[in-house]
Amino acid sequence: MARDGGAVRRACGGLGAALSAALAACASLPRPPAAATPALALRSLIPLPESVQPGEGGFELTPDVRISVAPASDELLDVAGLLAERLRAATGYAVPVVDAAGAAGPGGIHLTTLGSDPELGEEGYGLTVTPEGAALAAPGAAGLFRGIQTIRQLLPPAIESSSVQPGPWRIAAGTIRDRPRFPWRGAMLDVARHFFGVADVERFIDLLAYYKMNRLHLHLSDDQGWRLVIAGWPQLTGVGGTTQVGGGTGAFYYSQADYVRIVEYARRRHVVVVPEIDMPGHTNAALASYPALNCDGVARPPYTGIEVGFSSLCLEREQTLSFVDDVVREIAALTPGPYFHVGGDEAKSTDAAAYAAFIDRVQSIVSGHGKTTVGWEEIAAARLHPGTIVQQWDRGVIQQAVRQGARVILSPAKRAYLDMKYDAATALGQDWAGRIEVRDAYDWEPAADVAGVSERDVLGVEAPLWTETLTTIADVEYMTLPRLAGIAEIGWSPRQGRGWREYRLRLGSHGPRWRAMGARFHPSRQVPWM
């Protein structure tokens with residue numbers, strides 16, 4: 001669970017000088033209405049692009065607008081289709097998607113991978129908007145998908161509505177060149193403490209994708225619940241999938257078809273699902289399901305509290321490793337992404353030598369099923385195999401991972417844990433790592449946050465959301481927004497040019513967008529909301 005169990009109880013510099021000056025001037029003016037001008041939208045993008053050059057005027061979507069694609073591959077047509085779905089819902093326009101060969105004249109949005117700059121990389125893109133239309137170019141489909149999020153943000157906030165709105169629908173003219181700083185930019189959703197259904201997870205994925213995040217880390221098992229059917233071990237959900245924090249009974253788990261649906265929904269949005277089965281600790285749901293996983297052969301009673309560190313798989317038994325192998329094999333077969341998260345945190349009831357031997361063995365099991373091992377920072381106390389990724393949360397042993405050559409994901413609990421309260425008045429969440437206001441979540445630098453961890457060691461950033469106190473998707477959104485946007489920018493935007501003073505102005509313009517989405521968010525007093 002990656003936290004201290006005992007404490008659980010208690011002027012856009014990258015946009016160019018002229019644009020920065022304009023943004024600084026905006027700070028002294030009355031806040032504009034939600035129906036902001038296209039020029040303001042250009043200054044309000046999150047994450048901050050690598051470069052933006054404003055143009056003259058803007059491009060207005062009309063009922064005849066179409067999206068053209070070149071080449072018209074299935075992958076590119078799918079990206080275009082996602083943009084068309086969003087535009088249709090709010091504008092009421094037909095928005096056909098066509099092969100570029102059939103798109104004549106101005107007045108449309110053009111998506112292409114032809115002739116794009118390869119230096120933009122897999123997720124980079126270039127966008128040019130003139131009064132005649134919008135042209136989005138990228139080396140691949142992932143870059144085009146990131147670019148259409150920019151197009152959405154350049155349109156008025158009402159574009160995020162699920163019902164037809166009056167418009168007008170203008171996109172600011174200008175040229176944007178953009179690509180991510182780090183390859184790993186994600187968030188973790190804990191569905192083990194409290195369970196969230198498929199539709200809720202899909203809504204969470206949409207938030208990640210909107211801010212150009214590309215990893216969904218799903219925490220699928222813990223002491224309180226096991227959330228995915230494993231065909232070879234049906235009692236994991238038959239017993240372990242019937243409880244959650246606070247008690248209650250029900251079918252709190254995903255069928256394998258449910259999980260495949262989540263993975264596919266994420267894939268279409270160029271988000272990689274990273275499944276986590278926490279072990280050898282945080283395993284009471286498994287220990288309650290199968291007596292043989294306990295050294296005394298006695299099933300543990302189901303657990304519905306929030307303490308940590310008391311459970312452990314019996315590492316003396318070969319059957320335990322057979323169990324782990326079966327679980328990894330089934331989940332790996334359902335997961336096209338290259339990663340498998342083995343947890344490894346807070347194994348306080350596991351002998352240190354046995355723990356180290358287990359982590360060594362489990363890395364071999366994961367690689368044997370074609371996946372790359374990811375684990376919380378405690379696994380760095382064991383021998384790390386080449387390629388293993390370590391996720392920092394408390395700085396305790398992360399330097400050991402770097403010394404072994406591992407790359408790290410930064411999730412500092414005092415900055416990035418989305419379940420921490422904003423302030424003393426926040427009803428949801430906890431505060432064992434401190435209270436995290438919007439500025440706290442944004443105003444830190446990955447390459448300087450941990451002594452001995454440099455930029456070359458950092459794979460990216462991730463914002464975990466633990467759910468002991470969260471029971472609905474509205475709760476999840478409230479704790480996620482607005483802080484998720486800041487973590488996303490830290491992972492995407494260049495280090496130089498971003499800063500709290502101008503970021504808070506950009507962030508304030510996103511309030512109307514979240515309202516149009518129907519999302520609940522924390523109206524922090526640190527931000528001048530529109």
# chains A, B, ... in the order shown; residues from 1 in each chain; ligands from 1
$ residues_around --residues "range 136-151 of chain A" --least-positions-apart "5" --cutoff "8 Å" --atoms "only C-alpha atoms" --output "PDB file with C-alpha atoms, in the first residue's frame"
ATOM      1  CA  LEU A  45      -3.371  24.645 -21.925  1.00  0.00           C
ATOM      2  CA  GLU A  75      -5.517   3.139 -35.812  1.00  0.00           C
ATOM      3  CA  LEU A  76      -5.707   6.715 -37.084  1.00  0.00           C
ATOM      4  CA  VAL A  79      -8.243   8.425 -32.973  1.00  0.00           C
ATOM      5  CA  LEU A  83     -12.452  13.331 -31.451  1.00  0.00           C
ATOM      6  CA  ILE A 109      -9.520  19.247 -38.989  1.00  0.00           C
ATOM      7  CA  HIS A 110      -6.774  17.200 -40.623  1.00  0.00           C
ATOM      8  CA  LEU A 111      -4.917  14.392 -38.807  1.00  0.00           C
ATOM      9  CA  THR A 112      -1.834  12.871 -40.373  1.00  0.00           C
ATOM     10  CA  THR A 113       1.338  10.941 -39.705  1.00  0.00           C
ATOM     11  CA  LEU A 114       2.744  11.786 -43.133  1.00  0.00           C
ATOM     12  CA  GLY A 115       5.760  14.089 -43.161  1.00  0.00           C
ATOM     13  CA  SER A 116       5.755  14.639 -39.397  1.00  0.00           C
ATOM     14  CA  ASP A 117       8.949  15.373 -37.487  1.00  0.00           C
ATOM     15  CA  PRO A 118      10.388  12.093 -36.136  1.00  0.00           C
ATOM     16  CA  LEU A 120       8.732  14.502 -31.731  1.00  0.00           C
ATOM     17  CA  GLY A 121       8.867  10.850 -30.706  1.00  0.00           C
ATOM     18  CA  GLU A 122       6.035   8.429 -30.072  1.00  0.00           C
ATOM     19  CA  GLU A 123       3.803  10.865 -28.193  1.00  0.00           C
ATOM     20  CA  GLY A 124       4.783  14.244 -29.637  1.00  0.00           C
ATOM     21  CA  TYR A 125       2.764  16.257 -32.132  1.00  0.00           C
ATOM     22  CA  GLY A 126       2.615  19.511 -34.051  1.00  0.00           C
ATOM     23  CA  LEU A 127      -0.589  21.517 -34.375  1.00  0.00           C
ATOM     24  CA  THR A 128      -1.194  24.434 -36.721  1.00  0.00           C
ATOM     25  CA  ILE A 171     -10.185  27.406 -31.923  1.00  0.00           C
ATOM     26  CA  ALA A 209      -6.091  10.868 -21.036  1.00  0.00           C
ATOM     27  CA  TYR A 210      -7.395  14.444 -21.027  1.00  0.00           C
ATOM     28  CA  TYR A 211      -4.181  15.575 -19.325  1.00  0.00           C
ATOM     29  CA  LYS A 212      -1.931  13.419 -21.541  1.00  0.00           C
ATOM     30  CA  ARG A 269      -6.948   6.218 -25.340  1.00  0.00           C
ATOM     31  CA  HIS A 270      -3.264   5.293 -25.440  1.00  0.00           C
TER      32      HIS A 270
END
$ residues_around --residues "Thr373 in chain A" --least-positions-apart "4" --cutoff "8 Å" --atoms "only C-alpha atoms" --output "PyMOL selection string"
chain A and resi 339-342+363+366-367+387-389
$ write_last_selection --atoms "C-alpha atoms" --output "PDB file, in the first residue's frame"
ATOM      1  CA  TYR A 339       4.301  -4.301 -17.052  1.00  0.00           C
ATOM      2  CA  PHE A 340       3.296  -6.268 -13.963  1.00  0.00           C
ATOM      3  CA  HIS A 341       3.398  -4.596 -10.542  1.00  0.00           C
ATOM      4  CA  VAL A 342       4.235  -6.970  -7.690  1.00  0.00           C
ATOM      5  CA  GLN A 363      10.945 -11.147 -10.811  1.00  0.00           C
ATOM      6  CA  VAL A 366       7.101 -12.062 -14.111  1.00  0.00           C
ATOM      7  CA  SER A 367       9.783 -12.057 -16.806  1.00  0.00           C
ATOM      8  CA  GLY A 387      14.994  -3.804 -16.328  1.00  0.00           C
ATOM      9  CA  THR A 388      13.018  -3.944 -13.070  1.00  0.00           C
ATOM     10  CA  ILE A 389      11.312  -0.615 -12.307  1.00  0.00           C
TER      11      ILE A 389
END
$ closest_atom_pairs --of "range 192-248 of chain A" --to "range 306-312 of chain A" --cutoff "12 Å" --atoms "only C-alpha atoms" --output "CSV"
residue,atom,partner,partner_atom,distance
A:Ala192,CA,A:Ile306,CA,11.2
A:Arg193,CA,A:Ile306,CA,8.1
A:His194,CA,A:Ile306,CA,11.0
A:Asp222,CA,A:Val308,CA,9.5
A:Asp223,CA,A:Ser311,CA,7.5
A:Gln224,CA,A:Ile306,CA,8.1
A:Gly225,CA,A:Ile306,CA,11.7
A:Gln244,CA,A:Ile306,CA,9.9
A:Val245,CA,A:Ile306,CA,7.0
A:Gly246,CA,A:Ile306,CA,8.8
A:Gly247,CA,A:Ile306,CA,11.3
$ residues_around --residues "Leu48 in chain A" --least-positions-apart "3" --cutoff "9 Å" --atoms "only C-alpha atoms" --output "ChimeraX atom specification"
/A:12,14-15,43-45,51,178,489,492-494,497-498,503
$ write_last_selection --atoms "N, CA and C atoms" --output "CSV table (one decimal), in the first residue's frame"
chain,number,residue,atom,x,y,z
A,12,CYS,N,3.6,32.0,-18.6
A,12,CYS,CA,3.9,30.7,-19.3
A,12,CYS,C,5.3,30.9,-19.9
A,14,GLY,N,7.5,28.8,-21.1
A,14,GLY,CA,7.7,28.0,-22.3
A,14,GLY,C,7.0,28.5,-23.5
A,15,LEU,N,6.1,29.5,-23.4
A,15,LEU,CA,5.3,29.9,-24.5
A,15,LEU,C,5.9,31.1,-25.2
A,43,ARG,N,-3.7,30.3,-24.0
A,43,ARG,CA,-2.8,30.5,-22.9
A,43,ARG,C,-3.2,29.6,-21.7
A,44,SER,N,-4.1,28.8,-21.8
A,44,SER,CA,-4.7,28.0,-20.7
A,44,SER,C,-4.4,26.5,-20.8
A,45,LEU,N,-3.6,26.1,-21.7
A,45,LEU,CA,-3.4,24.6,-21.9
A,45,LEU,C,-2.7,24.0,-20.7
A,51,SER,N,6.3,24.5,-26.9
A,51,SER,CA,6.3,25.8,-27.5
A,51,SER,C,5.0,26.1,-28.1
A,178,ASP,N,4.9,20.0,-29.5
A,178,ASP,CA,4.8,19.5,-28.1
A,178,ASP,C,5.2,18.1,-28.0
A,489,GLU,N,1.3,17.8,-15.6
A,489,GLU,CA,2.2,18.8,-16.2
A,489,GLU,C,3.6,18.5,-15.7
A,492,TRP,N,4.9,15.9,-18.1
A,492,TRP,CA,4.9,16.2,-19.5
A,492,TRP,C,5.8,17.4,-19.9
A,493,SER,N,5.6,18.5,-19.2
A,493,SER,CA,6.2,19.8,-19.7
A,493,SER,C,7.6,19.9,-19.4
A,494,PRO,N,8.3,20.8,-20.2
A,494,PRO,CA,9.7,21.1,-19.9
A,494,PRO,C,9.9,21.7,-18.5
A,497,GLY,N,10.3,27.1,-17.7
A,497,GLY,CA,9.2,27.8,-18.3
A,497,GLY,C,7.9,27.5,-17.6
A,498,ARG,N,7.8,26.5,-16.7
A,498,ARG,CA,6.6,26.4,-15.9
A,498,ARG,C,6.8,26.8,-14.5
A,503,TYR,N,0.9,29.0,-13.6
A,503,TYR,CA,0.1,27.7,-13.6
A,503,TYR,C,-1.3,27.9,-13.0
$ closest_residue --among "A:Leu470, A:Ala406, A:Ile67, A:Val438" --to "Leu507 in chain A" --atoms "only C-alpha atoms"
A:Val438
$ closest_residue --among "A:Gly370, A:Gly305, A:Gly108, A:Gly337" --to "Val69 in chain A" --atoms "only C-alpha atoms"
A:Gly108
$ select_by_dssp --residues "range 217-259 of chain A" --states "strand (DSSP E or B)" --output "list of chain:residue names"
A:His217, A:Leu218, A:His219, A:Ser221, A:Trp226, A:Leu228, A:Tyr254
$ closest_residue --among "A:Glu50, A:Pro528, A:Val129, A:Phe521" --to "Arg506 in chain A" --atoms "only C-alpha atoms"
A:Pro528
$ residues_around --residues "Thr472 in chain A" --least-positions-apart "4" --cutoff "9 Å" --atoms "only C-alpha atoms" --output "CSV table (one decimal) with N, CA and C atoms, in the first residue's frame"
chain,number,residue,atom,x,y,z
A,194,HIS,N,-11.9,0.0,-1.5
A,194,HIS,CA,-13.2,0.1,-2.0
A,194,HIS,C,-13.3,-0.2,-3.5
A,195,PHE,N,-14.3,-0.9,-3.9
A,195,PHE,CA,-14.4,-1.3,-5.3
A,195,PHE,C,-15.1,-0.3,-6.1
A,196,PHE,N,-14.6,-0.1,-7.3
A,196,PHE,CA,-15.2,0.8,-8.3
A,196,PHE,C,-15.4,0.0,-9.6
A,200,ASP,N,-16.9,3.4,-13.7
A,200,ASP,CA,-16.1,4.3,-12.9
A,200,ASP,C,-14.6,4.4,-13.3
A,476,VAL,N,-13.7,10.1,-5.8
A,476,VAL,CA,-12.5,10.0,-6.5
A,476,VAL,C,-12.1,11.3,-7.3
A,477,GLU,N,-13.1,11.8,-7.9
A,477,GLU,CA,-12.9,13.0,-8.7
A,477,GLU,C,-12.5,14.2,-7.8
$ select_by_dssp --residues "range 215-312 of chain A" --states "helix (DSSP H, G or I)" --output "list of chain:residue names"
A:Gln235, A:Leu236, A:Thr237, A:Gly238, A:Gln256, A:Ala257, A:Asp258, A:Tyr259, A:Val260, A:Arg261, A:Ile262, A:Val263, A:Glu264, A:Tyr265, A:Ala266, A:Arg267, A:Arg268, A:Asn284, A:Ala285, A:Ala286, A:Leu287, A:Ala288, A:Ser289, A:Pro291, A:Ala292, A:Leu293
$ atom_distance --atom1 "CA of Tyr478 in chain A" --atom2 "CA of Ile159 in chain A"
21.3 Å
$ closest_atom_pairs --of "range 147-248 of chain A" --to "range 278-293 of chain A" --cutoff "10 Å" --atoms "only C-alpha atoms" --output "CSV"
residue,atom,partner,partner_atom,distance
A:Ala192,CA,A:Ala285,CA,9.5
A:His219,CA,A:Asp278,CA,7.7
A:Leu220,CA,A:Asp278,CA,7.9
A:Ser221,CA,A:Asp278,CA,6.1
A:Asp222,CA,A:His282,CA,4.8
A:Asp223,CA,A:Asn284,CA,4.1
A:Gln224,CA,A:Ala285,CA,5.7
A:Gly225,CA,A:Ala285,CA,5.1
A:Trp226,CA,A:Ala285,CA,5.9
A:Arg227,CA,A:Ala285,CA,9.6
A:Trp233,CA,A:Tyr290,CA,8.6
A:Pro234,CA,A:Ser289,CA,8.9
A:Gln235,CA,A:Ser289,CA,5.4
A:Leu236,CA,A:Ser289,CA,5.4
A:Thr237,CA,A:Ser289,CA,8.0
A:Gly238,CA,A:Ser289,CA,7.6
A:Val239,CA,A:Ser289,CA,5.3
A:Gly240,CA,A:Ala285,CA,4.6
A:Gly241,CA,A:Ala285,CA,7.6
A:Thr242,CA,A:Ala285,CA,9.4
A:Thr243,CA,A:Ala285,CA,8.7
A:Gln244,CA,A:Ala285,CA,9.7
$ residues_around --residues "Gln256 in chain A" --least-positions-apart "5" --cutoff "12 Å" --atoms "only C-alpha atoms" --output "mmCIF file with C-alpha atoms, in the first residue's frame"
data_model
loop_
_atom_site.group_PDB
_atom_site.id
_atom_site.type_symbol
_atom_site.label_atom_id
_atom_site.label_comp_id
_atom_site.auth_asym_id
_atom_site.auth_seq_id
_atom_site.Cartn_x
_atom_site.Cartn_y
_atom_site.Cartn_z
ATOM 1 C CA VAL A 198 -15.998 -0.713 -14.913
ATOM 2 C CA ARG A 227 -10.744 -7.776 -7.348
ATOM 3 C CA LEU A 228 -10.054 -9.937 -10.410
ATOM 4 C CA VAL A 229 -11.238 -13.445 -11.187
ATOM 5 C CA ILE A 230 -8.381 -15.957 -11.476
ATOM 6 C CA ALA A 231 -9.772 -19.061 -13.159
ATOM 7 C CA PRO A 234 -11.770 -19.139 -7.971
ATOM 8 C CA THR A 237 -13.011 -13.654 -5.623
ATOM 9 C CA ARG A 261 -12.990 -4.162 -21.355
ATOM 10 C CA ILE A 262 -11.063 -1.787 -19.081
ATOM 11 C CA VAL A 263 -7.768 -2.623 -20.781
ATOM 12 C CA GLU A 330 -3.470 -15.383 -16.094
ATOM 13 C CA ILE A 331 -3.256 -11.632 -15.645
ATOM 14 C CA ALA A 332 -0.307 -11.309 -18.039
ATOM 15 C CA ALA A 333 -2.333 -13.104 -20.713
ATOM 16 C CA LEU A 334 -5.155 -10.555 -20.292
ATOM 17 C CA THR A 335 -2.855 -7.518 -20.274
#
$ closest_residue --among "A:His217, A:Arg203, A:Arg179, A:Arg495" --to "Trp466 in chain A" --atoms "only C-alpha atoms"
A:His217
$ residues_around --residues "range 315-319 of chain A" --least-positions-apart "3" --cutoff "12 Å" --atoms "only C-alpha atoms" --output "ChimeraX atom specification"
/A:279-281,290-297,311-312,322-326,347,349-359,361-362
$ write_last_selection --atoms "C-alpha atoms" --output "PDB file, in the first residue's frame"
ATOM      1  CA  MET A 279       2.733  -9.485  -2.311  1.00  0.00           C
ATOM      2  CA  PRO A 280       4.007 -10.967  -0.076  1.00  0.00           C
ATOM      3  CA  GLY A 281       2.276  -8.546   2.322  1.00  0.00           C
ATOM      4  CA  TYR A 290      -7.044 -20.301   0.551  1.00  0.00           C
ATOM      5  CA  PRO A 291      -5.851 -21.845   3.847  1.00  0.00           C
ATOM      6  CA  ALA A 292      -2.841 -23.390   2.093  1.00  0.00           C
ATOM      7  CA  LEU A 293      -1.329 -19.945   1.564  1.00  0.00           C
ATOM      8  CA  ASN A 294      -0.905 -19.676   5.366  1.00  0.00           C
ATOM      9  CA  CYS A 295       1.956 -21.456   7.085  1.00  0.00           C
ATOM     10  CA  ASP A 296      -0.428 -22.915   9.690  1.00  0.00           C
ATOM     11  CA  GLY A 297      -2.930 -24.036   7.033  1.00  0.00           C
ATOM     12  CA  SER A 311      -0.325 -10.179   6.606  1.00  0.00           C
ATOM     13  CA  SER A 312       2.110 -12.312   4.640  1.00  0.00           C
ATOM     14  CA  SER A 322       2.799 -21.992  -7.773  1.00  0.00           C
ATOM     15  CA  PHE A 323      -0.027 -19.686  -6.726  1.00  0.00           C
ATOM     16  CA  VAL A 324       1.978 -16.594  -7.681  1.00  0.00           C
ATOM     17  CA  ASP A 325       2.949 -18.126 -11.016  1.00  0.00           C
ATOM     18  CA  ASP A 326      -0.677 -18.953 -11.846  1.00  0.00           C
ATOM     19  CA  ALA A 347       5.868  -6.635   4.287  1.00  0.00           C
ATOM     20  CA  SER A 349       5.340  -9.693   8.902  1.00  0.00           C
ATOM     21  CA  THR A 350       7.761 -11.330   6.473  1.00  0.00           C
ATOM     22  CA  ASP A 351      11.265 -12.431   7.434  1.00  0.00           C
ATOM     23  CA  ALA A 352      13.799 -10.147   5.732  1.00  0.00           C
ATOM     24  CA  ALA A 353      15.843 -12.963   4.176  1.00  0.00           C
ATOM     25  CA  ALA A 354      12.724 -14.763   2.971  1.00  0.00           C
ATOM     26  CA  TYR A 355      11.426 -11.485   1.564  1.00  0.00           C
ATOM     27  CA  ALA A 356      14.609 -10.874  -0.441  1.00  0.00           C
ATOM     28  CA  ALA A 357      14.554 -14.417  -1.820  1.00  0.00           C
ATOM     29  CA  PHE A 358      10.886 -14.084  -2.755  1.00  0.00           C
ATOM     30  CA  ILE A 359      11.397 -10.781  -4.613  1.00  0.00           C
ATOM     31  CA  ARG A 361      12.044 -15.316  -7.479  1.00  0.00           C
ATOM     32  CA  VAL A 362       8.960 -13.281  -8.352  1.00  0.00           C
TER      33      VAL A 362
END
$ closest_atom_pairs --of "range 339-435 of chain A" --to "range 479-483 of chain A" --cutoff "12 Å" --atoms "only C-alpha atoms" --output "Markdown table"
| residue | atom | partner | partner_atom | distance |
| --- | --- | --- | --- | --- |
| A:Arg415 | CA | A:Arg483 | CA | 9.6 |
| A:Ala416 | CA | A:Arg483 | CA | 8.2 |
| A:Tyr417 | CA | A:Arg483 | CA | 9.4 |
| A:Leu418 | CA | A:Met479 | CA | 5.8 |
| A:Asp419 | CA | A:Met479 | CA | 6.2 |
| A:Met420 | CA | A:Met479 | CA | 8.0 |
| A:Lys421 | CA | A:Met479 | CA | 7.9 |
| A:Tyr422 | CA | A:Met479 | CA | 8.2 |
| A:Asp423 | CA | A:Met479 | CA | 11.6 |
| A:Thr426 | CA | A:Met479 | CA | 9.5 |
| A:Ala427 | CA | A:Met479 | CA | 10.4 |
| A:Leu428 | CA | A:Met479 | CA | 7.8 |
| A:Gly429 | CA | A:Met479 | CA | 7.8 |
| A:Gln430 | CA | A:Met479 | CA | 10.9 |
| A:Arg435 | CA | A:Met479 | CA | 11.9 |
$ write_last_selection --atoms "N, CA and C atoms" --output "mmCIF file, in the first residue's frame"
data_model
loop_
_atom_site.group_PDB
_atom_site.id
_atom_site.type_symbol
_atom_site.label_atom_id
_atom_site.label_comp_id
_atom_site.auth_asym_id
_atom_site.auth_seq_id
_atom_site.Cartn_x
_atom_site.Cartn_y
_atom_site.Cartn_z
ATOM 1 N N ARG A 415 3.706 14.725 -1.756
ATOM 2 C CA ARG A 415 3.412 15.569 -2.924
ATOM 3 C C ARG A 415 2.347 14.971 -3.839
ATOM 4 N N ALA A 416 2.428 13.666 -4.048
ATOM 5 C CA ALA A 416 1.663 13.051 -5.132
ATOM 6 C C ALA A 416 0.535 12.129 -4.692
ATOM 7 N N TYR A 417 0.390 11.872 -3.393
ATOM 8 C CA TYR A 417 -0.683 10.986 -2.940
ATOM 9 C C TYR A 417 -2.010 11.738 -2.954
ATOM 10 N N LEU A 418 -2.870 11.358 -3.877
ATOM 11 C CA LEU A 418 -4.114 12.082 -4.083
ATOM 12 C C LEU A 418 -5.141 11.827 -2.994
ATOM 13 N N ASP A 419 -4.906 10.850 -2.116
ATOM 14 C CA ASP A 419 -5.851 10.605 -1.028
ATOM 15 C C ASP A 419 -5.540 11.424 0.213
ATOM 16 N N MET A 420 -4.477 12.201 0.197
ATOM 17 C CA MET A 420 -4.206 13.081 1.329
ATOM 18 C C MET A 420 -5.171 14.272 1.309
ATOM 19 N N LYS A 421 -5.597 14.697 2.473
ATOM 20 C CA LYS A 421 -6.509 15.839 2.579
ATOM 21 C C LYS A 421 -5.865 17.092 1.990
ATOM 22 N N TYR A 422 -6.705 17.968 1.447
ATOM 23 C CA TYR A 422 -6.216 19.263 0.980
ATOM 24 C C TYR A 422 -5.860 20.154 2.166
ATOM 25 N N ASP A 423 -6.745 20.184 3.153
ATOM 26 C CA ASP A 423 -6.556 21.035 4.327
ATOM 27 C C ASP A 423 -7.337 20.428 5.479
ATOM 28 N N THR A 426 -11.013 19.299 4.906
ATOM 29 C CA THR A 426 -11.372 18.280 3.913
ATOM 30 C C THR A 426 -11.985 17.077 4.611
ATOM 31 N N ALA A 427 -13.200 16.712 4.205
ATOM 32 C CA ALA A 427 -13.911 15.612 4.857
ATOM 33 C C ALA A 427 -13.354 14.256 4.457
ATOM 34 N N LEU A 428 -12.904 14.127 3.233
ATOM 35 C CA LEU A 428 -12.396 12.853 2.721
ATOM 36 C C LEU A 428 -10.889 12.752 2.945
ATOM 37 N N GLY A 429 -10.380 11.544 2.757
ATOM 38 C CA GLY A 429 -8.933 11.366 2.753
ATOM 39 C C GLY A 429 -8.328 11.217 4.135
ATOM 40 N N GLN A 430 -6.986 11.141 4.150
ATOM 41 C CA GLN A 430 -6.199 11.002 5.369
ATOM 42 C C GLN A 430 -5.108 12.068 5.376
ATOM 43 N N ARG A 435 -0.931 17.266 4.712
ATOM 44 C CA ARG A 435 -1.995 17.787 3.863
ATOM 45 C C ARG A 435 -1.371 18.337 2.587
#
$ residues_around --residues "Ala425 in chain A" --least-positions-apart "6" --cutoff "12 Å" --atoms "only C-alpha atoms" --output "list in words"
Asp431, Arg435, Glu437, His522 and Ser524 of chain A
$ atom_distance --atom1 "CA of Leu154 in chain A" --atom2 "CA of Ala173 in chain A"
9.4 Å
